[in-house]
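To start, the structure under review is shown below, and the notes come after it.
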Amino acid sequence: MAGRWMNLGQYGAEGVPGWVALGAGIERMVTGIESPVDSERGLAARLRYLTASDAGYEAMDRAGIHLTPRTLIAWLAEERTPNRANLTRLDAAYWDLRRRNVATDLKRRLNSRGGTRIEINPVDQSRVARPHWRDLSTRTINVRGVWDAAVDAWLAEDETALDAIWDDIITGLGSDYDAYSNVSSIGWAA
């Protein structure tokens, strides 16, 4: 991690590590079922999605859903409703599978047209006393060549890899790159 903000917040600055913002940005690109899992529609849609492929059954297994075929059939037929713990696990399994299924599309979208232009908003210094302010502005940079690795690291929840990728991205900002190791937010349209 780039280190000029090792004591972020000491003077009142607010932000998050850039790699956290990068992962959150990728996460925002994943869309899916809007209905809550405890609604009839939301549960039915998640069960259909999860039972449509072997990958769905694997996602349920990773989420800790171990049930008999009879129970699953009763859930699908809406004869029985999963308990609160299983509803939470079903939702986790759904989003896990959804992330895995859209990873390839995310890579394609982020790499298309020679990369993705991102906007980096510096840490919020509104609560920092004037003598401690740093002269930072919103920066934009065209990011290319790292998106496949970034999506893979996000999918694997590999914080170390995301941090290294963020460091690679911000070095393209020039000599002041280290000032953007922590940010208030980043964004892009892909």
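Chain labels run A, B, ... following the order of the structure tokens; each chain numbers its residues from 1, and ligands are numbered from 1 in the order shown.
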Discussion item. To test your reading of the structure, identify every residue in segment 20-152 of chain A that backbone DSSP assigns to helix (DSSP H, G or I), and report it as number ranges by chain.
Written reply: A: 20-28, 40-50, 54-62, 69-76, 84-114, 130-132, 147-152
Discussion item. Residues within 9 Å of Leu155 of chain A, please, as a PyMOL selection string. Count only C-alpha atoms; anything in the same chain fewer than 4 positions from it doesn't count.
Written reply: chain A and resi 96+99-100+103+150-151
Worksheet item: To one decimal place, how far is atom CA of Thr104 of chain A from atom CA of Asp61 of chain A in Å?
Response: 22.4 Å
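Of the listed residues (A:Leu87, A:Leu72, A:Ala153, A:Thr140), A:Thr140 comes nearest to Gly172 of chain A; the distances count only C-alpha atoms.
Secondary structure from DSSP on the backbone puts strand (DSSP E) at the following positions of chain A: Val16, Pro17, Thr116, Arg117, Ile118, Glu119, Ile120, Asn121, Pro122, Arg139, Thr140, Ile141, Asn142, Val143, Asn182, Val183, Ser184, Ser185, Ile186, Gly187 and Trp188 of chain A.
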Discussion item. I'd like the contact shell of segment 40-52 of chain A - 12 Å cut-off, only C-alpha atoms, skipping same-chain residues fewer than 4 positions apart - returned as a PyMOL selection string.
Written reply: chain A and resi 32-36+56-61+63+65+69+72-84+86-98+101
